[in-house]
Amino acid sequence: MSESSAYVIVGASLAGVKAAEALREEGFRGPVVLIGDEAERPYERPPLSKDYLLGNAERDTIYVHPASWYEENGVELRLGVPVAGVDRAAREVALADGSRTGYAKLLLATGSSPRHIPVPGADADGVLYLRRVADSERIKAAFLSASRVAVIGAGWIGLETAAAARAGGAEVTVMEAGELPLLRVLGAEAAQVFASLHREHGVDLRCGVQVSEITGAGGRADGVRLADGSHVAADVVIVGVGITPNTQLAEAAGLETGNGVIVDAGLRSSDPDIFAAGDVAHAYHPLLGRHIRVEHWFNALHQPQTAARAMLGQDVAYDHVPYFYTDQYDLGMEYAGYVEPGGYDQVVFRGDVDKREFIAFWLAGGRVLAGMNVNVWDVNDAIQALVRGGLPVDPVRLADPGVALDQVTG
Ligand SMILES: Cc1cc2nc3c(=O)[nH]c(=O)nc-3n(C[C@H](O)[C@H](O)[C@H](O)COP(=O)(O)OP(=O)(O)OC[C@H]3O[C@@H](n4cnc5c(N)ncnc54)[C@H](O)[C@@H]3O)c2cc1C
Ligand SMILES: NC(=O)c1ccc[n+]([C@@H]2O[C@H](COP(=O)([O-])OP(=O)(O)OC[C@H]3O[C@@H](n4cnc5c(N)ncnc54)[C@H](O)[C@@H]3O)[C@@H](O)[C@H]2O)c1
């Protein structure tokens with residue numbers, strides 16, 4: 001068995017590097033090894049479908065830290081090499097290059113990967129997914145010459161890339177299996193706002209459709225065939241049909257997994273020396289009283305601090321209210337809280353929905369489960385306080401912009 005004192009982190013993206021940073025901030029002086037299969041040092045993904053894709057941000061701006069940060073903070077960064085296995089008995093990780101590294105504690109921050117669409121033609125040239133910076137650059141280049149863009153999936157990737165393609169002047173068709181974009185996350189009432197937004201910006205949004213084939217000639221995609229027989233001609237096809245958590249290492253190592261690596265509120269897995277954070281973690285959330293897996297930036301930014309402290313033996317729990325944001329055209333929004341699909345019984349709007357300047361609240365049993373501020377700012381802390389407080393609210397006062405958000409309970 002390895003006697004290593006190293007704290008090893010697998011996955012050199014936002015969650016991974018934030019854990020390394022937190023270990024140093026907590027005063028850990030032992031070796032920290034951050035291993036990633038991408039060739040790039042850790043970078044942020046949100047700009048890849050927004051400013052960087054739109055050509056409004058330089059490449060330098062996407063990185064979490066300057067290249068010099070790693071040496072300055074004693075973090076050994078090993079890039080471009082996947083971890084192939086975790087040997088729990090030997091307390092070592094095996095890298096794909098044949099080397100092995102011992103660990104005292106191990107953090108899995110392996111994130112998630114795009115789900116592929118299982119239809120004929122899906123592997124043709126011109127069918128593009130968006131997860132990594134090179135994907136964003138490929139899409140950016142394709143948008144320069146494409147006059148017709150087909151997007152499969154009206155989730156976050158589909159809608160943000162559709163907005164970028166429209167900004168470039170392309171004709172855009174978005175094809176979504178559900179009855180509305182973002183339906184599972186927002187429910188019908190608020191999802192409608194995103195349908196209108198895209199239609200008003202000239203997107204041909206087709207909901208409730210089934211893709212049967214990606215058509216092409218000479219190995220290159222030239223459109224999308226739907227199950228009703230219709231055909232959408234396109235120069236490029238973007239696919240954003242969801243992700244799956246990268247649990248392969250955890251599964252092979254015999255850790256408890258399901259919808260991610262199952263961890264407690266301190267982000268500890270079924271092995272007390274192995275932790276997980278970010279997109280891959282299916283973590284017990286004390287506020288919600290259940291396990292959730294969050295596929296958003298804020299979670300990957302903050303969960304690693306809790307993981308790092310827990311790795312150092314502190315008794316900690318991650319209980320931030322889940323949070324995410326998006327920017328599409330002239331719509332900016334923040335969302336705080338957590339609602340299972342269909343898990344609410346009332347939606348209350350405050351403000352002007354038609355002008356897209358409002359807050360939406362999702363309620364169950366008179367309590368606020370989540371809130372979304374759209375083009376209204378400096379209110380998300382108050383929304384989080386309502387979610388965290390869990391007190392019954394008066395829907396009439398909640399809907400009234402004249403009543404402060406800390407005066408709506410009762
Ligand atoms: C284009 C895009 C835009 C987004 N925009 C937003 C946004 O606006 N707002 C928001 O809230 N969220 C957004 N997100 C989601 C957010 O970026 C993710 O939640 C976040 O990246 C998760 O971070 P992570 O470190 O947990 O995982 P990841 O970012 O997936 O990183 C995991 C890393 O581990 C590596 N890895 C996996 N397996 C191994 C292995 N065996 N060995 C070595 N390395 C491995 C992966 O290659 C990857 O580099 C966006 C995501 C994308 C793709
Ligand atoms: N602003 C943000 O928070 C943001 C932005 C970009 C990406 N992300 C993250 O990136 C990841 C990937 O995003 P995504 O948009 O791919 O996933 P998603 O889960 O947000 O949306 C996938 C969409 O594809 C639809 N779909 C699934 N199969 C389909 C099919 N065969 N045909 C047509 N539609 C189909 C689903 O109904 C859903 O609407 C997610 O984790 C997401 O949270 C977040």
# chains A, B, ... in the order shown; residues from 1 in each chain; ligands from 1
>>> residues_around(residues="region 395-410 of chain A", least_positions_apart="6", cutoff="12 Å", atoms="only C-alpha atoms", output="PyMOL selection string")
chain A and resi 346-353+357-368+371+376+378-387+389
>>> residues_near_ligand(ligand="ligand 1", cutoff="8 Å", atoms="only C-alpha atoms and all ligand atoms", output="MDAnalysis selection string")
chainID A and resid 10:17 35:38 42 44:50 80:85 95 109:113 130:132 136 156:157 246 248:249 277:281 294:301 323:327
>>> residues_around(residues="Glu213 (chain A)", least_positions_apart="4", cutoff="7 Å", atoms="only C-alpha atoms", output="PyMOL selection string")
chain A and resi 119-121+224-226
>>> write_last_selection(atoms="C-alpha atoms", output="short mmCIF file (atom, residue, chain, number, x, y, z; two decimals), in the first residue's frame")
data_model
loop_
_atom_site.label_atom_id
_atom_site.label_comp_id
_atom_site.auth_asym_id
_atom_site.auth_seq_id
_atom_site.Cartn_x
_atom_site.Cartn_y
_atom_site.Cartn_z
CA VAL A 119 -29.48 8.37 -34.89
CA PRO A 120 -28.07 7.45 -38.34
CA GLY A 121 -25.65 10.07 -39.65
CA VAL A 224 -31.81 16.88 -40.08
CA ARG A 225 -34.72 14.58 -40.87
CA LEU A 226 -37.60 14.52 -38.39
#
>>> residues_near_ligand(ligand="ligand 2", cutoff="6 Å", atoms="only C-alpha atoms and all ligand atoms", output="list in words")
Ile117, Ile152, Gly153, Ala154, Gly155, Trp156, Ile157, Gly158, Met175, Glu176, Ala177, Gly178, Pro181, Leu182, Gln210, Val211, Gly240, Val241, Gly242, Ile243, Glu295, His296, Phe324, Tyr325 and Thr326 of chain A
>>> residues_around(residues="Gln314 (chain A)", least_positions_apart="2", cutoff="12 Å", atoms="only C-alpha atoms", output="MDAnalysis selection string")
chainID A and resid 23 26 266:268 305:312 316:317
>>> write_last_selection(atoms="all heavy atoms", output="CSV table (one decimal), in the first residue's frame")
chain,number,residue,atom,x,y,z
A,23,LEU,N,-7.4,23.7,-0.7
A,23,LEU,CA,-6.5,23.0,0.1
A,23,LEU,C,-5.3,23.9,0.6
A,23,LEU,O,-5.0,23.9,1.8
A,23,LEU,CB,-5.9,21.8,-0.6
A,23,LEU,CG,-6.8,20.6,-0.8
A,23,LEU,CD1,-6.2,19.6,-1.8
A,23,LEU,CD2,-7.1,19.9,0.6
A,26,GLU,N,-6.6,26.5,3.1
A,26,GLU,CA,-6.8,25.8,4.4
A,26,GLU,C,-5.5,25.5,5.1
A,26,GLU,O,-5.5,25.0,6.2
A,26,GLU,CB,-7.6,24.6,4.3
A,26,GLU,CG,-9.1,24.8,3.8
A,26,GLU,CD,-9.9,25.5,4.9
A,26,GLU,OE1,-9.7,25.3,6.1
A,26,GLU,OE2,-10.7,26.4,4.5
A,266,GLY,N,-20.7,16.1,3.2
A,266,GLY,CA,-19.3,16.5,3.2
A,266,GLY,C,-18.6,16.1,2.0
A,266,GLY,O,-17.3,16.2,1.9
A,267,LEU,N,-19.3,15.6,1.0
A,267,LEU,CA,-18.8,15.2,-0.3
A,267,LEU,C,-17.9,14.0,-0.3
A,267,LEU,O,-17.0,13.7,-1.1
A,267,LEU,CB,-18.1,16.4,-1.0
A,267,LEU,CG,-19.1,17.6,-1.1
A,267,LEU,CD1,-18.4,18.8,-1.6
A,267,LEU,CD2,-20.3,17.3,-1.9
A,268,ARG,N,-18.1,13.2,0.8
A,268,ARG,CA,-17.3,11.9,1.0
A,268,ARG,C,-18.1,10.8,0.3
A,268,ARG,O,-19.3,10.6,0.5
A,268,ARG,CB,-17.1,11.7,2.5
A,268,ARG,CG,-16.1,10.6,2.8
A,268,ARG,CD,-16.2,10.4,4.4
A,268,ARG,NE,-15.8,11.6,5.1
A,268,ARG,CZ,-14.6,11.9,5.6
A,268,ARG,NH1,-13.6,11.1,5.4
A,268,ARG,NH2,-14.4,13.0,6.3
A,305,GLN,N,-14.6,23.7,-2.1
A,305,GLN,CA,-14.1,24.2,-0.8
A,305,GLN,C,-14.6,23.3,0.4
A,305,GLN,O,-13.8,23.0,1.3
A,305,GLN,CB,-14.7,25.6,-0.5
A,305,GLN,CG,-14.1,26.7,-1.4
A,305,GLN,CD,-14.9,27.9,-1.5
A,305,GLN,OE1,-15.9,28.1,-0.8
A,305,GLN,NE2,-14.4,28.9,-2.3
A,306,THR,N,-15.8,22.8,0.3
A,306,THR,CA,-16.3,21.9,1.3
A,306,THR,C,-15.5,20.6,1.2
A,306,THR,O,-15.1,20.0,2.2
A,306,THR,CB,-17.8,21.6,1.1
A,306,THR,OG1,-18.5,22.9,1.2
A,306,THR,CG2,-18.4,20.7,2.1
A,307,ALA,N,-15.3,20.1,-0.1
A,307,ALA,CA,-14.6,18.9,-0.3
A,307,ALA,C,-13.2,19.0,0.3
A,307,ALA,O,-12.7,18.0,1.0
A,307,ALA,CB,-14.5,18.5,-1.8
A,308,ALA,N,-12.5,20.1,0.0
A,308,ALA,CA,-11.1,20.2,0.5
A,308,ALA,C,-11.1,20.2,2.1
A,308,ALA,O,-10.3,19.5,2.7
A,308,ALA,CB,-10.6,21.6,0.0
A,309,ARG,N,-12.1,20.9,2.7
A,309,ARG,CA,-12.1,20.9,4.2
A,309,ARG,C,-12.4,19.5,4.7
A,309,ARG,O,-11.8,19.1,5.7
A,309,ARG,CB,-13.1,21.9,4.7
A,309,ARG,CG,-12.7,23.3,4.4
A,309,ARG,CD,-13.8,24.3,4.9
A,309,ARG,NE,-13.4,25.6,4.4
A,309,ARG,CZ,-14.3,26.6,4.1
A,309,ARG,NH1,-15.6,26.4,4.2
A,309,ARG,NH2,-13.8,27.8,3.7
A,310,ALA,N,-13.3,18.8,4.0
A,310,ALA,CA,-13.6,17.5,4.5
A,310,ALA,C,-12.4,16.5,4.3
A,310,ALA,O,-12.1,15.7,5.2
A,310,ALA,CB,-14.8,16.9,3.7
A,311,MET,N,-11.7,16.7,3.2
A,311,MET,CA,-10.5,15.9,3.0
A,311,MET,C,-9.4,16.2,4.1
A,311,MET,O,-8.7,15.3,4.5
A,311,MET,CB,-9.8,16.3,1.6
A,311,MET,CG,-10.6,15.8,0.5
A,311,MET,SD,-10.1,16.5,-1.1
A,311,MET,CE,-8.8,15.5,-1.6
A,312,LEU,N,-9.5,17.4,4.7
A,312,LEU,CA,-8.5,17.7,5.8
A,312,LEU,C,-9.1,17.3,7.1
A,312,LEU,O,-8.5,17.7,8.2
A,312,LEU,CB,-8.2,19.2,5.7
A,312,LEU,CG,-7.4,19.7,4.5
A,312,LEU,CD1,-7.4,21.2,4.3
A,312,LEU,CD2,-6.0,19.1,4.6
A,316,VAL,N,-17.8,19.2,7.8
A,316,VAL,CA,-18.4,20.3,7.0
A,316,VAL,C,-19.5,19.7,6.2
A,316,VAL,O,-19.6,18.5,5.9
A,316,VAL,CB,-17.4,21.0,6.1
A,316,VAL,CG1,-16.5,22.0,6.9
A,316,VAL,CG2,-16.6,19.9,5.4
A,317,ALA,N,-20.4,20.6,5.7
A,317,ALA,CA,-21.5,20.2,4.8
A,317,ALA,C,-21.7,21.3,3.8
A,317,ALA,O,-21.7,22.5,4.1
A,317,ALA,CB,-22.8,20.0,5.6
>>> atom_distance(atom1="CA of Gln192 (chain A)", atom2="CA of Leu180 (chain A)")
6.8 Å
>>> residues_around(residues="Tyr338 (chain A)", least_positions_apart="2", cutoff="8 Å", atoms="only C-alpha atoms", output="VMD selection string")
chain A and resid 321 to 322 336 340 369 to 370
>>> write_last_selection(atoms="N, CA and C atoms", output="short mmCIF file (atom, residue, chain, number, x, y, z; two decimals), in the first residue's frame")
data_model
loop_
_atom_site.label_atom_id
_atom_site.label_comp_id
_atom_site.auth_asym_id
_atom_site.auth_seq_id
_atom_site.Cartn_x
_atom_site.Cartn_y
_atom_site.Cartn_z
N VAL A 321 -27.63 27.22 -1.59
CA VAL A 321 -28.81 27.11 -2.44
C VAL A 321 -28.31 26.95 -3.88
N PRO A 322 -28.77 25.92 -4.61
CA PRO A 322 -28.32 25.75 -6.00
C PRO A 322 -28.60 27.02 -6.82
N ALA A 336 -32.23 30.59 -8.56
CA ALA A 336 -31.76 30.00 -7.30
C ALA A 336 -32.83 29.10 -6.74
N GLU A 340 -37.90 19.76 -8.57
CA GLU A 340 -38.03 18.55 -9.39
C GLU A 340 -39.01 18.82 -10.52
N LEU A 369 -39.81 27.40 -3.47
CA LEU A 369 -38.78 26.40 -3.74
C LEU A 369 -37.63 26.99 -4.55
N ALA A 370 -37.98 27.95 -5.44
CA ALA A 370 -36.97 28.52 -6.34
C ALA A 370 -37.49 29.84 -6.87
#
>>> select_by_dssp(residues="region 148-282 of chain A", states="helix (DSSP H, G or I)", output="PyMOL selection string")
chain A and resi 156-167+183-200+248-252+278-280
>>> closest_residue(among="A:Pro272, A:Gly289, A:Pro245, A:Pro341", to="Arg115 (chain A)", atoms="only C-alpha atoms")
A:Pro245
>>> atom_distance(atom1="CA of Ser196 (chain A)", atom2="CA of Asp394 (chain A)")
29.0 Å
>>> closest_residue(among="A:Tyr52, A:Tyr43, A:Tyr329, A:Tyr7", to="Glu92 (chain A)", atoms="only C-alpha atoms")
A:Tyr7
>>> closest_residue(among="A:Ala163, A:Ala134, A:Ala90, A:Ala221", to="Glu200 (chain A)", atoms="only C-alpha atoms")
A:Ala163
>>> residues_around(residues="region 122-126 of chain A", least_positions_apart="3", cutoff="10 Å", atoms="only C-alpha atoms", output="PyMOL selection string")
chain A and resi 116-119+129+138-139+142+213-224+234-239
>>> atom_distance(atom1="CA of Asp354 (chain A)", atom2="CA of Ala191 (chain A)")
13.1 Å
>>> decode(residues="region 213-245 of chain A", atoms="N, CA, C and O atoms", output="compact mmCIF listing (two decimals), in the first residue's frame")
# COMPACT_ATOMS: atom_id res chain seq x y z
N GLU A 213 -32.90 11.21 -38.22
CA GLU A 213 -31.66 10.99 -38.98
C GLU A 213 -30.95 12.32 -39.19
O GLU A 213 -31.60 13.37 -39.30
N ILE A 214 -29.62 12.27 -39.22
CA ILE A 214 -28.89 13.44 -39.70
C ILE A 214 -28.47 13.09 -41.13
O ILE A 214 -27.77 12.09 -41.36
N THR A 215 -28.95 13.86 -42.06
CA THR A 215 -28.71 13.54 -43.47
C THR A 215 -27.37 14.13 -43.90
O THR A 215 -26.83 15.03 -43.26
N GLY A 216 -26.83 13.60 -44.99
CA GLY A 216 -25.56 14.13 -45.46
C GLY A 216 -25.16 13.53 -46.78
O GLY A 216 -25.83 12.63 -47.31
N ALA A 217 -24.09 14.08 -47.29
CA ALA A 217 -23.53 13.56 -48.54
C ALA A 217 -22.02 13.59 -48.42
O ALA A 217 -21.47 14.55 -47.86
N GLY A 218 -21.40 12.51 -48.86
CA GLY A 218 -19.93 12.45 -48.82
C GLY A 218 -19.37 12.56 -47.41
O GLY A 218 -18.29 13.10 -47.20
N GLY A 219 -20.12 12.03 -46.43
CA GLY A 219 -19.63 12.04 -45.05
C GLY A 219 -19.83 13.36 -44.34
O GLY A 219 -19.36 13.54 -43.21
N ARG A 220 -20.50 14.31 -44.98
CA ARG A 220 -20.74 15.62 -44.37
C ARG A 220 -22.22 15.86 -44.16
O ARG A 220 -23.02 15.62 -45.05
N ALA A 221 -22.57 16.32 -42.97
CA ALA A 221 -23.99 16.55 -42.65
C ALA A 221 -24.54 17.69 -43.52
O ALA A 221 -23.86 18.69 -43.74
N ASP A 222 -25.78 17.48 -43.99
CA ASP A 222 -26.42 18.59 -44.72
C ASP A 222 -27.84 18.86 -44.23
O ASP A 222 -28.60 19.58 -44.88
N GLY A 223 -28.20 18.26 -43.08
CA GLY A 223 -29.52 18.57 -42.55
C GLY A 223 -29.99 17.54 -41.54
O GLY A 223 -29.27 16.61 -41.19
N VAL A 224 -31.21 17.74 -41.10
CA VAL A 224 -31.81 16.88 -40.08
C VAL A 224 -33.18 16.43 -40.57
O VAL A 224 -34.00 17.25 -41.01
N ARG A 225 -33.41 15.12 -40.52
CA ARG A 225 -34.72 14.58 -40.87
C ARG A 225 -35.49 14.32 -39.59
O ARG A 225 -34.96 13.73 -38.64
N LEU A 226 -36.74 14.75 -39.57
CA LEU A 226 -37.60 14.52 -38.39
C LEU A 226 -38.51 13.32 -38.65
O LEU A 226 -38.74 12.94 -39.81
N ALA A 227 -39.05 12.77 -37.56
CA ALA A 227 -39.86 11.56 -37.69
C ALA A 227 -41.12 11.79 -38.52
O ALA A 227 -41.67 10.84 -39.10
N ASP A 228 -41.58 13.04 -38.61
CA ASP A 228 -42.77 13.32 -39.44
C ASP A 228 -42.40 13.42 -40.93
O ASP A 228 -43.24 13.76 -41.76
N GLY A 229 -41.13 13.16 -41.25
CA GLY A 229 -40.70 13.15 -42.65
C GLY A 229 -40.13 14.49 -43.12
O GLY A 229 -39.50 14.56 -44.17
N SER A 230 -40.35 15.54 -42.34
CA SER A 230 -39.84 16.84 -42.77
C SER A 230 -38.32 16.89 -42.68
O SER A 230 -37.70 16.09 -41.95
N HIS A 231 -37.73 17.82 -43.44
CA HIS A 231 -36.27 17.91 -43.49
C HIS A 231 -35.85 19.35 -43.26
O HIS A 231 -36.42 20.27 -43.84
N VAL A 232 -34.85 19.52 -42.39
CA VAL A 232 -34.30 20.86 -42.13
C VAL A 232 -32.90 20.90 -42.73
O VAL A 232 -32.00 20.19 -42.27
N ALA A 233 -32.73 21.66 -43.80
CA ALA A 233 -31.41 21.75 -44.45
C ALA A 233 -30.49 22.60 -43.58
O ALA A 233 -30.93 23.60 -43.00
N ALA A 234 -29.22 22.20 -43.47
CA ALA A 234 -28.29 22.94 -42.61
C ALA A 234 -26.85 22.77 -43.08
O ALA A 234 -26.49 21.73 -43.64
N ASP A 235 -26.04 23.80 -42.83
CA ASP A 235 -24.60 23.70 -43.12
C ASP A 235 -23.85 23.12 -41.94
O ASP A 235 -22.76 22.59 -42.08
N VAL A 236 -24.45 23.27 -40.76
CA VAL A 236 -23.84 22.71 -39.55
C VAL A 236 -24.96 22.29 -38.60
O VAL A 236 -26.01 22.93 -38.56
N VAL A 237 -24.71 21.20 -37.87
CA VAL A 237 -25.71 20.69 -36.91
C VAL A 237 -25.07 20.69 -35.52
O VAL A 237 -24.04 20.05 -35.30
N ILE A 238 -25.67 21.43 -34.60
CA ILE A 238 -25.17 21.46 -33.22
C ILE A 238 -26.07 20.55 -32.39
O ILE A 238 -27.30 20.65 -32.46
N VAL A 239 -25.44 19.68 -31.59
CA VAL A 239 -26.22 18.77 -30.75
C VAL A 239 -25.98 19.11 -29.27
O VAL A 239 -24.84 19.12 -28.80
N GLY A 240 -27.07 19.39 -28.56
CA GLY A 240 -26.99 19.64 -27.11
C GLY A 240 -28.14 18.92 -26.45
O GLY A 240 -29.18 19.53 -26.17
N VAL A 241 -27.99 17.61 -26.27
CA VAL A 241 -29.11 16.80 -25.74
C VAL A 241 -28.81 16.27 -24.34
O VAL A 241 -29.32 15.25 -23.92
N GLY A 242 -27.99 17.03 -23.60
CA GLY A 242 -27.74 16.66 -22.22
C GLY A 242 -26.37 16.02 -22.02
O GLY A 242 -25.63 15.79 -22.97
N ILE A 243 -26.08 15.75 -20.76
CA ILE A 243 -24.77 15.17 -20.42
C ILE A 243 -24.96 13.94 -19.54
O ILE A 243 -26.05 13.71 -19.00
N THR A 244 -23.88 13.17 -19.43
CA THR A 244 -23.87 12.11 -18.42
C THR A 244 -22.63 12.31 -17.54
O THR A 244 -21.56 12.70 -18.03
N PRO A 245 -22.78 12.09 -16.24
CA PRO A 245 -21.63 12.29 -15.33
C PRO A 245 -20.55 11.24 -15.59
O PRO A 245 -20.86 10.08 -15.91
